[in-house]
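> One structure follows; several queries about it will come next.
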Amino acid sequence: MFQASVHAALGCAGCHSDVSGFPHQPPPKAVSCAGCHPQQNAAYAHSVHAKVAPAHPSYPGCLECHGNPHAIRARTDPRSPVYPLNLPRTCGACHGSPELAKRYGLTATYALYMDSVHGFALTEDGLLVAAQCASCHGAHRILGPEDPQSRVNRVNIPATCGNCHSGMKARYFAGIHGKAMAAGNSHAPVCTDCHTAHQIARISATAWQVKTVATCGGCHGGQLRSYRDTFHGQVTRLGFATTARCWSCHSAHLVLPASDPRSTVAPANLVATCGKCHAGAGTSFTTYRPHADPYNERLNPTLYYATRFMNLLLLSVLVFFGLHTALWLARSALHRLGSGPSGGDADGGGR
Amino acid sequence: MAAVGEKRYFFRFTLGQRYLHGLLMATFLGLAATGLPLRFSAAPWALQVAATLGGLGTILFLHKTCALLLTAGFLVHVGSLLYRAVFRGELGLLWGPNSMVPQPRDIVQLLQHFRWFLWLGPRPRFERFAYWEKFDYWAVFWGMVIIGLSGYAMWFAPFFARYLPGSWLNVALVIHGDEALLAVWFIFTVHFFNSHLRPGVFPMDPVIFTGRTTAERMSEDHSAEYERLARVGGLQAIEADAPMRWLVNFARLLAVLALGTGFALLLATLVAFIRR
């Protein structure tokens with residue numbers, strides 16, 4: 001076993017340097033990896049794993065991830081527990097166990113990750129470039145998301161995802177959300193706000209497409225409400241991604257205000273943007289309001305008065321005939337029961 | 001001639017009119033069932049209906065199929081009226097006791113009916129079409145035009161927008177949805193009550209399905225027509241045999257299905273409207 005390990009060339013004494021003869025007297029001391037791996041050890045010392053170590057006897061040290069000390073293999077070796085294709089299972093030993101998750105307040109993210117587009121790429125396609133735990137969280141210096149230095153802190157997430165998704169990163173930072181984030185507005189949305197952190201869905205997945213409309217609406221509440229009043233919004237609320245969602249018009253990453261001529265919702269670009277779905281859409285078509293607000297008289301006067309008229313029509317017809325029906329019912333019911341005032345009923349037609 | 005003690009029947013609706021009402025009823029229920037989930041897309045039942053139907057493609061296919069059928073029925077109806085009025089010279093369609101056109105008498109009889117509701121006077125004597133039947137007819141007529149036009153505008157939106165502002169498509173949805181809601185609420189309450197559920201008629205009047213009304217019903221709700229026909233000997237011309245048993249049962253089945261669907265939709269829309 002040891003002969004196959006990455007440390008074979010060092011021999012036993014390479015690590016057990018205090019052993020000089022047999023039998024081992026005094027008994028051999030615990031081996032420290034830090035002697036040969038000082039950088040990794042220093043990085044690890046800052047990590048969340050090192051911080052919880054004193055309180056939790058089963059905290060992860062070197063061997064919990066790298067495996068049997070006498071069989072440690074290079075991380076490029078497919079048999080290593082930290083080989084990219086094996087790493088999620090290794091981390092999942094703790095971060096996938098509901099029991100441990102409960103006891104230590106860990107996030108049980110293993111199952112979420114395995115269901116994600118990254119997890120599929122890794123397990124189904126065996127892609128070494130698929131993002132796994134260490135791609136985002138780092139290996140030794142793993143920091144909690146609240147730590148400003150963490151690679152998964154909100155502020156750093158665009159850069160972390162951008163390590164692979166470089167094109168998206170460039171578009172994101174050119175857009176209004178990325179600019180706000182770069183300017184120090186930590187409330188600006190980052191990748192994970194829409195895509196989630198672990199359970200990242202294929203962007204073609206209907207459930208995710210529909211859910212993300214509400215995600216945008218988390219900040220843009222008024223726009224979501226006015227969108228819900230339109231056919232587009234009604235259809236997506238029913239769970240179908242057939243009609244326009246926020247980013248169908250506003251773009252997903254390069255979101256720009258309508259005042260920016262490069263924006264997909266800039267007046268000059270609307271014919272092209274609407275035309276993506278509505279073949280034959282012309283200039284007049286683009287005066288359609290995808291965020292109809294029937295209560296804004298100044299902005300949408302026609303819609304405002306049409307809505308008022310319809311409300312009045314419904315109310316008057318239903319109130320009038322409600323009254324008509326109620327009186328008729330009372331009259332014929334009383335008549336059939338043989339009660340009610342006498343007279344005024346010459347024809348006897350009591351139905 | 002009917003024997004003593006036996007019911008006398010008279011034809012009130014032609015076979016064509018009965019088929020037309022059947023088509024109207026079926027497509028209206030279909031349109032409502034596939035359209036209201038969109039109008040109340042936030043309601044839990046809307047999601048269930050949508051999921052059961054399986055997708056927007058299915059919903060729109062059913063909705064548009066019903067719409068095309070109803071449009072065809074509407075055109076056949078208007079076409080036959082035009083034909084009868086213009087080529088057959090049936091000017092009685094346009095004015096007079098057999099006409100659907102609202103006339104001064106209808107306003108008077110509406111007020112007289114209210115007076116009767118309050119035990120303040122005799123019940124008015126209605127002609128072939130009483131004012132509430134005319135209102136039913138014209139409400140549906142106007143509703144089909146309004147809902148149909150706004151629906152086709154949204155169906156062929158880019159084409160529509162070549163001739164009118166695109167912002168009218170926003171208006172089209174509001175009109176389409178609200179007018180449909182009015183139709184649903186009106187039909188499933190007022191029309192159901194007036195024509196089927198009110199005391200004396202309850203549980204249903206099968207006349208629109210069998211085409212035949214009884215002397216009793218006719219002399220109560222259309223006494224002016226009944227007496228006019230009796231006076232000029234016109235009753236014999238419309239005298240009918242008793243409706244076949246299968247037809248009566250078929251009418252009952254249709255009525256139960258329509259009432260059930262109607263009340264389900266009424267309840268669902270009311271709950272969704274109140275909770276919104």
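Please note that chains go A, B, ... in the order of the structure tokens, that every chain numbers its residues from 1, and that ligands are numbered from 1 in the order shown.
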Using only C-alpha atoms, find each residue of chain B with at least one atom at most 6 Å away from an atom of chain A; report its shortest atom-to-atom pair and that distance in Å (one decimal), sort the rows by chain and rising residue number, and return the result as CSV.

```
residue,atom,partner,partner_atom,distance
B:Leu38,CA,A:Gln234,CA,5.5
B:Ser41,CA,A:Gln234,CA,5.5
B:Leu47,CA,A:Leu238,CA,5.4
B:Phe117,CA,A:Arg331,CA,5.3
B:Trp119,CA,A:Gly344,CA,5.6
B:Leu120,CA,A:Gly344,CA,5.3
B:Gly121,CA,A:Gly344,CA,4.4
B:Pro122,CA,A:Asp345,CA,4.8
B:Pro158,CA,A:Ala281,CA,4.8
B:Ala161,CA,A:Phe285,CA,5.0
B:Pro165,CA,A:Ser284,CA,5.4
B:Gly166,CA,A:Phe285,CA,4.2
B:Ser167,CA,A:Tyr288,CA,4.0
B:Val171,CA,A:Leu303,CA,5.2
B:Leu182,CA,A:Leu314,CA,5.8
B:Gly200,CA,A:Arg351,CA,5.1
B:Glu220,CA,A:Gly349,CA,5.9
```
> Which one is closest to Lys64 (chain B): B:Trp45, B:Arg231, B:Gly148, B:Glu179? Count only C-alpha atoms.
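Distance minimum relative to Lys64 (chain B) lands on B:Gly148.
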> Just the strand (DSSP E or B) stuff from region 85-258 of chain B, please, per backbone DSSP, written as JSON, numbers by chain.
{"B": [212, 213, 214, 239, 240]}
> Excluding region 253-270 of chain B and any residue of its chain fewer than 5 positions from it, enumerate the residues within 9 Å of it, using only C-alpha atoms, and give them as number ranges by chain.
B: 25-26, 29, 32-33, 36, 40, 43, 45-46, 181, 184-185, 187-189, 192, 204, 206, 209, 248, 275
> Write out as number ranges by chain each polymer residue whose atoms come within 12 Å of Cys194 (chain A), counting only C-alpha atoms; drop sequence neighbours fewer than 5 positions from it.
A: 188-189, 199-201, 203, 208-219, 246-247, 252-253
> Next, the residues of the selection above should be written as a short mmCIF file (atom, residue, chain, number, x, y, z; two decimals), in the first residue's frame with C-alpha atoms.

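Written file, out.cif:
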```cif
data_model
loop_
_atom_site.label_atom_id
_atom_site.label_comp_id
_atom_site.auth_asym_id
_atom_site.auth_seq_id
_atom_site.Cartn_x
_atom_site.Cartn_y
_atom_site.Cartn_z
CA ALA A 188 -26.59 44.18 -6.08
CA PRO A 189 -27.38 40.71 -7.38
CA GLN A 199 -28.34 23.50 -6.96
CA ILE A 200 -27.49 25.31 -10.16
CA ALA A 201 -30.05 24.29 -12.77
CA ILE A 203 -30.68 27.38 -17.79
CA TRP A 208 -35.75 27.52 -12.78
CA GLN A 209 -36.70 29.94 -15.55
CA VAL A 210 -40.06 30.52 -13.93
CA LYS A 211 -38.70 30.81 -10.40
CA THR A 212 -36.12 33.37 -11.40
CA VAL A 213 -38.85 35.83 -12.39
CA ALA A 214 -39.70 36.02 -8.71
CA THR A 215 -36.00 36.40 -7.94
CA CYS A 216 -35.81 39.57 -10.02
CA GLY A 217 -39.06 40.65 -8.38
CA GLY A 218 -37.44 40.35 -4.98
CA CYS A 219 -35.85 43.73 -5.69
CA CYS A 246 -37.50 39.41 -17.32
CA TRP A 247 -34.27 38.55 -19.11
CA ALA A 252 -29.54 38.13 -18.36
CA HIS A 253 -26.03 39.39 -17.66
#
```
> Quick one, how far is CA of His222 (chain B) from CA of Arg88 (chain B)?
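Spanning CA of His222 (chain B) to CA of Arg88 (chain B) is a straight-line distance of 25.9 Å.
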> Can you tell me, as a PyMOL selection string, which residues in region 4-102 of chain B count as alpha helix (DSSP H) by DSSP?
chain B and resi 15-39+44-53+56-82
> Please produce a file of the residues just selected, as a CSV table (one decimal), in the first residue's frame, where the atoms kept are C-alpha atoms.

```csv
chain,number,residue,atom,x,y,z
B,15,LEU,CA,-83.4,22.5,-34.1
B,16,GLY,CA,-80.8,25.0,-35.5
B,17,GLN,CA,-81.3,27.3,-32.5
B,18,ARG,CA,-80.9,24.4,-30.1
B,19,TYR,CA,-77.7,23.2,-31.8
B,20,LEU,CA,-76.4,26.8,-31.7
B,21,HIS,CA,-77.1,27.1,-28.0
B,22,GLY,CA,-75.4,23.7,-27.5
B,23,LEU,CA,-72.4,24.9,-29.4
B,24,LEU,CA,-72.4,28.2,-27.5
B,25,MET,CA,-72.7,26.4,-24.2
B,26,ALA,CA,-69.9,23.9,-24.9
B,27,THR,CA,-67.5,26.4,-26.3
B,28,PHE,CA,-68.2,28.9,-23.6
B,29,LEU,CA,-67.5,26.4,-20.9
B,30,GLY,CA,-64.3,25.4,-22.7
B,31,LEU,CA,-63.2,28.9,-23.2
B,32,ALA,CA,-63.9,29.7,-19.5
B,33,ALA,CA,-62.1,26.6,-18.3
B,34,THR,CA,-59.0,27.3,-20.3
B,35,GLY,CA,-59.0,31.1,-20.0
B,36,LEU,CA,-59.8,31.7,-16.3
B,37,PRO,CA,-56.6,29.9,-15.1
B,38,LEU,CA,-54.7,32.7,-16.9
B,39,ARG,CA,-56.9,35.4,-15.5
B,44,PRO,CA,-53.8,27.3,-6.6
B,45,TRP,CA,-56.6,25.8,-8.7
B,46,ALA,CA,-55.3,27.7,-11.7
B,47,LEU,CA,-52.0,25.9,-11.3
B,48,GLN,CA,-53.7,22.6,-11.0
B,49,VAL,CA,-55.8,23.1,-14.1
B,50,ALA,CA,-52.8,24.3,-16.0
B,51,ALA,CA,-50.7,21.4,-14.9
B,52,THR,CA,-53.6,18.9,-15.7
B,53,LEU,CA,-53.9,20.4,-19.2
B,56,LEU,CA,-49.5,26.5,-22.5
B,57,GLY,CA,-49.6,24.9,-25.9
B,58,THR,CA,-52.5,22.7,-24.9
B,59,ILE,CA,-54.4,25.4,-23.1
B,60,LEU,CA,-54.1,27.8,-26.1
B,61,PHE,CA,-55.0,25.0,-28.5
B,62,LEU,CA,-58.2,24.3,-26.7
B,63,HIS,CA,-59.0,27.9,-26.1
B,64,LYS,CA,-58.4,28.8,-29.8
B,65,THR,CA,-60.3,25.8,-31.0
B,66,CYS,CA,-63.3,26.7,-28.9
B,67,ALA,CA,-63.0,30.3,-30.1
B,68,LEU,CA,-63.0,29.3,-33.8
B,69,LEU,CA,-66.0,27.1,-33.3
B,70,LEU,CA,-67.9,29.8,-31.4
B,71,THR,CA,-66.9,32.4,-34.1
B,72,ALA,CA,-68.3,30.1,-36.7
B,73,GLY,CA,-71.5,29.7,-34.8
B,74,PHE,CA,-71.7,33.4,-34.3
B,75,LEU,CA,-71.3,34.0,-38.1
B,76,VAL,CA,-73.8,31.3,-38.9
B,77,HIS,CA,-76.3,33.0,-36.6
B,78,VAL,CA,-75.7,36.5,-37.9
B,79,GLY,CA,-75.7,35.2,-41.4
B,80,SER,CA,-79.1,33.4,-41.0
B,81,LEU,CA,-80.6,36.5,-39.4
B,82,LEU,CA,-79.4,38.7,-42.3
```
